[in-house]
Structure formats: structure tokens, C-alpha cells
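Okay, entry_28.txt is below, compact mmCIF, C-alpha atoms:
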# COMPACT_ATOMS: atom_id res chain seq x y z
CA MET A 1 87.34 39.16 130.86
CA LYS A 2 84.95 42.09 131.21
CA PRO A 3 85.97 45.20 129.20
CA PHE A 4 86.98 48.43 130.90
CA GLU A 5 84.37 50.96 129.77
CA ILE A 6 83.83 54.69 130.04
CA THR A 7 80.94 56.77 128.74
CA ARG A 8 80.58 60.50 128.28
CA VAL A 9 77.87 62.68 126.72
CA PHE A 10 79.05 65.63 124.61
CA ASP A 11 76.89 68.66 123.85
CA ALA A 12 77.60 68.35 120.13
CA PRO A 13 76.07 66.52 117.17
CA ARG A 14 77.37 63.04 116.41
CA ASP A 15 78.97 64.08 113.09
CA LYS A 16 81.10 66.70 114.86
CA VAL A 17 82.18 64.28 117.61
CA TRP A 18 83.03 61.65 114.96
CA LYS A 19 85.25 64.18 113.19
CA ALA A 20 86.99 64.99 116.48
CA TRP A 21 87.99 61.31 116.66
CA THR A 22 88.92 60.86 112.99
CA GLU A 23 90.42 64.09 111.60
CA THR A 24 94.06 64.96 112.19
CA GLU A 25 93.63 68.66 112.96
CA ARG A 26 90.81 68.00 115.41
CA LEU A 27 92.65 65.14 117.16
CA LYS A 28 95.66 67.41 117.72
CA GLN A 29 93.46 69.78 119.72
CA TRP A 30 92.34 67.29 122.39
CA TRP A 31 94.16 63.97 122.23
CA GLY A 32 96.16 62.70 125.19
CA PRO A 33 96.33 63.11 128.95
CA LYS A 34 96.09 66.53 130.57
CA GLY A 35 99.38 68.38 130.30
CA PHE A 36 100.61 66.44 127.25
CA LYS A 37 101.03 68.18 123.89
CA VAL A 38 100.58 66.36 120.57
CA HIS A 39 103.50 67.07 118.22
CA THR A 40 102.89 64.35 115.61
CA CYS A 41 99.53 63.13 114.36
CA LYS A 42 98.96 61.02 111.25
CA VAL A 43 95.60 59.40 110.47
CA ASP A 44 94.99 56.79 107.76
CA LEU A 45 91.29 56.18 108.39
CA ARG A 46 90.60 52.86 106.70
CA PRO A 47 90.52 49.23 107.84
CA GLY A 48 94.18 48.30 108.31
CA GLY A 49 95.17 51.99 108.42
CA VAL A 50 96.98 53.55 111.36
CA PHE A 51 96.58 56.57 113.62
CA HIS A 52 100.18 57.26 114.75
CA TYR A 53 100.81 60.01 117.24
CA GLY A 54 103.57 61.47 119.36
CA MET A 55 103.11 63.59 122.49
CA THR A 56 105.41 65.45 124.81
CA ALA A 57 104.77 64.80 128.50
CA PRO A 58 104.95 67.61 131.07
CA ASP A 59 108.43 66.33 132.07
CA GLY A 60 109.61 66.75 128.43
CA LYS A 61 109.66 63.03 127.59
CA ASP A 62 108.20 61.99 124.23
CA VAL A 63 105.55 59.27 124.25
CA TRP A 64 104.31 57.56 121.09
CA GLY A 65 101.21 55.52 120.36
CA ARG A 66 99.24 54.02 117.53
CA PHE A 67 95.85 52.59 116.62
CA THR A 68 95.45 50.05 113.86
CA TYR A 69 91.91 50.43 112.58
CA ARG A 70 89.89 47.22 112.26
CA GLU A 71 86.37 48.50 111.64
CA ILE A 72 85.09 51.91 110.60
CA LYS A 73 81.37 52.56 110.43
CA ALA A 74 80.96 56.33 110.14
CA PRO A 75 79.62 58.00 112.22
CA GLU A 76 78.65 55.12 114.52
CA ARG A 77 81.59 52.94 115.45
CA LEU A 78 85.37 52.58 115.44
CA VAL A 79 87.23 49.39 116.35
CA PHE A 80 91.01 49.39 116.61
CA ILE A 81 94.03 47.81 118.26
CA VAL A 82 95.83 50.28 120.56
CA SER A 83 99.51 50.07 121.46
CA PHE A 84 102.35 52.23 122.58
CA SER A 85 104.76 52.92 119.76
CA ASP A 86 108.12 54.28 118.73
CA PRO A 87 108.63 57.23 116.36
CA LYS A 88 108.66 54.85 113.36
CA GLY A 89 105.30 53.26 114.30
CA GLY A 90 106.64 50.00 115.76
CA VAL A 91 104.80 48.48 118.72
CA THR A 92 106.51 49.00 122.10
CA ARG A 93 105.80 48.43 125.79
CA HIS A 94 104.07 50.97 128.02
CA PRO A 95 106.83 53.43 129.06
CA TRP A 96 105.87 53.42 132.76
CA SER A 97 104.19 50.02 133.23
CA PRO A 98 106.01 47.02 131.74
CA ASN A 99 103.14 44.67 132.69
CA TRP A 100 100.59 46.68 130.68
CA PRO A 101 99.19 44.62 127.75
CA LEU A 102 101.22 45.09 124.58
CA GLU A 103 97.98 45.65 122.67
CA THR A 104 94.41 46.50 123.65
CA LEU A 105 91.31 45.99 121.54
CA SER A 106 89.19 49.16 121.66
CA THR A 107 85.68 49.88 120.49
CA VAL A 108 84.23 53.39 120.37
CA ILE A 109 80.48 53.79 119.87
CA PHE A 110 78.90 57.15 118.99
CA THR A 111 75.18 57.35 119.86
CA GLU A 112 72.90 60.30 119.04
CA GLN A 113 70.89 61.60 121.99
CA GLY A 114 68.69 64.55 121.08
CA GLY A 115 71.38 66.73 119.49
CA LYS A 116 74.05 65.46 121.88
CA THR A 117 76.39 62.51 121.44
CA LYS A 118 77.06 59.69 123.88
CA VAL A 119 80.53 58.22 123.38
CA THR A 120 81.20 54.79 124.87
CA VAL A 121 84.78 53.52 124.83
CA GLN A 122 85.64 49.93 125.71
CA TRP A 123 89.10 48.42 126.12
CA ILE A 124 90.02 44.79 126.55
CA PRO A 125 93.35 42.98 126.13
CA PRO A 126 93.03 41.08 122.86
CA THR A 127 93.32 37.34 122.66
CA PRO A 128 94.31 35.71 119.35
CA ARG A 129 90.58 34.95 118.82
CA ARG A 130 89.54 38.58 119.41
CA ILE A 131 92.26 39.85 117.06
CA SER A 132 91.22 37.48 114.26
CA SER A 133 87.56 38.44 114.69
CA ALA A 134 88.57 42.11 114.52
CA ARG A 135 90.50 41.71 111.26
CA PRO A 136 90.26 44.66 108.91
CA SER A 137 87.06 44.61 106.95
CA THR A 138 85.78 46.89 104.26
CA LYS A 139 82.20 46.07 105.23
CA GLY A 140 80.64 49.35 106.30
CA ALA A 141 83.93 51.20 105.82
CA THR A 142 82.91 54.74 105.08
CA ALA A 143 84.76 57.72 106.40

Please rewrite the model in this file as C-alpha cells.
Amino acid sequence: MKPFEITRVFDAPRDKVWKAWTETERLKQWWGPKGFKVHTCKVDLRPGGVFHYGMTAPDGKDVWGRFTYREIKAPERLVFIVSFSDPKGGVTRHPWSPNWPLETLSTVIFTEQGGKTKVTVQWIPPTPRRISSARPSTKGATA
């Protein structure tokens, strides 16, 4: 299966963009779909650690999600398993699409481009093989 991929170039140095993806206070400022407001944001940036967040949708409904970090190579690459969540951090189904994969393997690559930063995000439903190959590793784990 080919990954779903998006790319965007930010007019900011790579270190600053990395921090926007990895620091709680910065994530709170931009994370989530337009119109949603982050009310809970906890980041444990280490292999096996979790980014757990809660957002309020424009209709007032709370939506929860989590990343389980698999690989952290600051400031170049993040690999994590994404899922919808409950307030306690348990994995749940997509609130509006029951056929959505329970988990998605995501890779974010931060590339310097002359003072700007290209961010490439890939998502693919994980297979047991992909999950085992994305096991937490301390190799290159610097935050």
C-alpha cells in the first residue's frame, strides 16, 4: 500500500519547526483541524512515550488522540503510531468513521532548505510487520 503523503515548506528554521512538533506549549498553538481548540496536551518525547491530546470541536464535542513515539531523531525525523483515544489514553475508533484504521503509522521528515523547512508527513495503516519494524528504539533518540 502506498502511503498518503503531504508536504509543506515553512518559512522558519528547522529547529523552530521541530520544536513546534515536539513541545507542549507550541503544539497547543496549532494542533488540530481548523475550528478545534486544544484543551489537553501532554508530550513524553522518547521512544515508547506518548503525545496525548484532547480537543473541543466547533460543535462542542471533545475528541481525543494520541501518538506513541517509535523513533525520534532530532531535528530530522519522527516516527509514531497515531490513534484516536479516550481521555485516559486508551485507543478508540475514529468518532465519525468506524471503518478508519484503528492505528496509522506516521513518519514526519524535517528537511532544511535555505533557512526554510520542508515538512513531509506520511501515513500508512500499519501491518504487524510495520509495527514490529517501528518498535521503540533508543538509537538516535535525542530530543

### Query
So what do you get for atom CA of Thr22 of chain A versus atom CA of Ile124 of chain A, distance-wise?
21.1 Å

### Message
Which residues are near Thr107 of chain A? Cut-off 10 Å, all atoms listed in the file, ignore same chain within fewer than 4 positions. Put them as an NGL selection string.
### Response
:A and (3 or 5 or 70-71 or 77-81 or 120-124)

### Message
With only C-alpha atoms as the counted atoms, please give the residues lying no more than 8 Å from Thr24 of chain A, apart from itself and same-chain residues fewer than 4 positions off, as a ChimeraX atom specification.
### Response
/A:28,41-43

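Counting only C-alpha atoms, the residue from A:Asp11, A:Val63, A:Gln113, A:His94 that sits nearest to Pro33 of chain A is A:Val63.
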
### Message
So, with only C-alpha atoms as the atoms that count, which of A:Met55, A:Val50, A:Val91, A:Leu45 lies closest to Thr68 of chain A?
### Response
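Ranking A:Met55, A:Val50, A:Val91, A:Leu45 by distance to Thr68 of chain A, first place goes to A:Val50.
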
### Query
So what do you get for atom CA of Asp59 of chain A versus atom CA of Pro125 of chain A, distance-wise?
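Atom-to-atom, atom CA of Asp59 of chain A and atom CA of Pro125 of chain A are spaced 28.4 Å apart.
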
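In terms of minimum interatomic distance to Thr104 of chain A, A:Arg66 ranks closest within A:Arg14, A:Lys61, A:Arg66, A:Lys88, counting all atoms listed in the file.
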
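Shell of Glu23 of chain A at 12 Å, with only C-alpha atoms counted and residues fewer than 2 places along the chain excluded, is Asp15, Lys16, Val17, Trp18, Lys19, Ala20, Trp21, Glu25, Arg26, Leu27, Lys28, Gln29, Trp30, Trp31, Cys41, Lys42, Val43, Asp44, Leu45, Phe51 and Ala143 of chain A.
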
### Selection: 10 Å around Ser83 of chain A, only C-alpha atoms, excl. self and same-chain fewer than 5 positions, as a PyMOL selection string
chain A and resi 52+64-68+89-94+100-105

### Query
Hey, what's within 6 Å of segment 35-40 of chain A if we count all atoms listed in the file and toss same-chain stuff fewer than 3 positions away? As JSON, numbers by chain, please?
{"A": [28, 53, 54, 55, 56, 57, 58]}

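Reported to one decimal place, the separation of atom CA of Val9 of chain A from atom CA of Arg46 of chain A is 25.7 Å.
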
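Distance check against Pro95 of chain A using all atoms listed in the file: of A:Asp62, A:Ile72, A:Thr111, A:Pro126, the minimum falls on A:Asp62.
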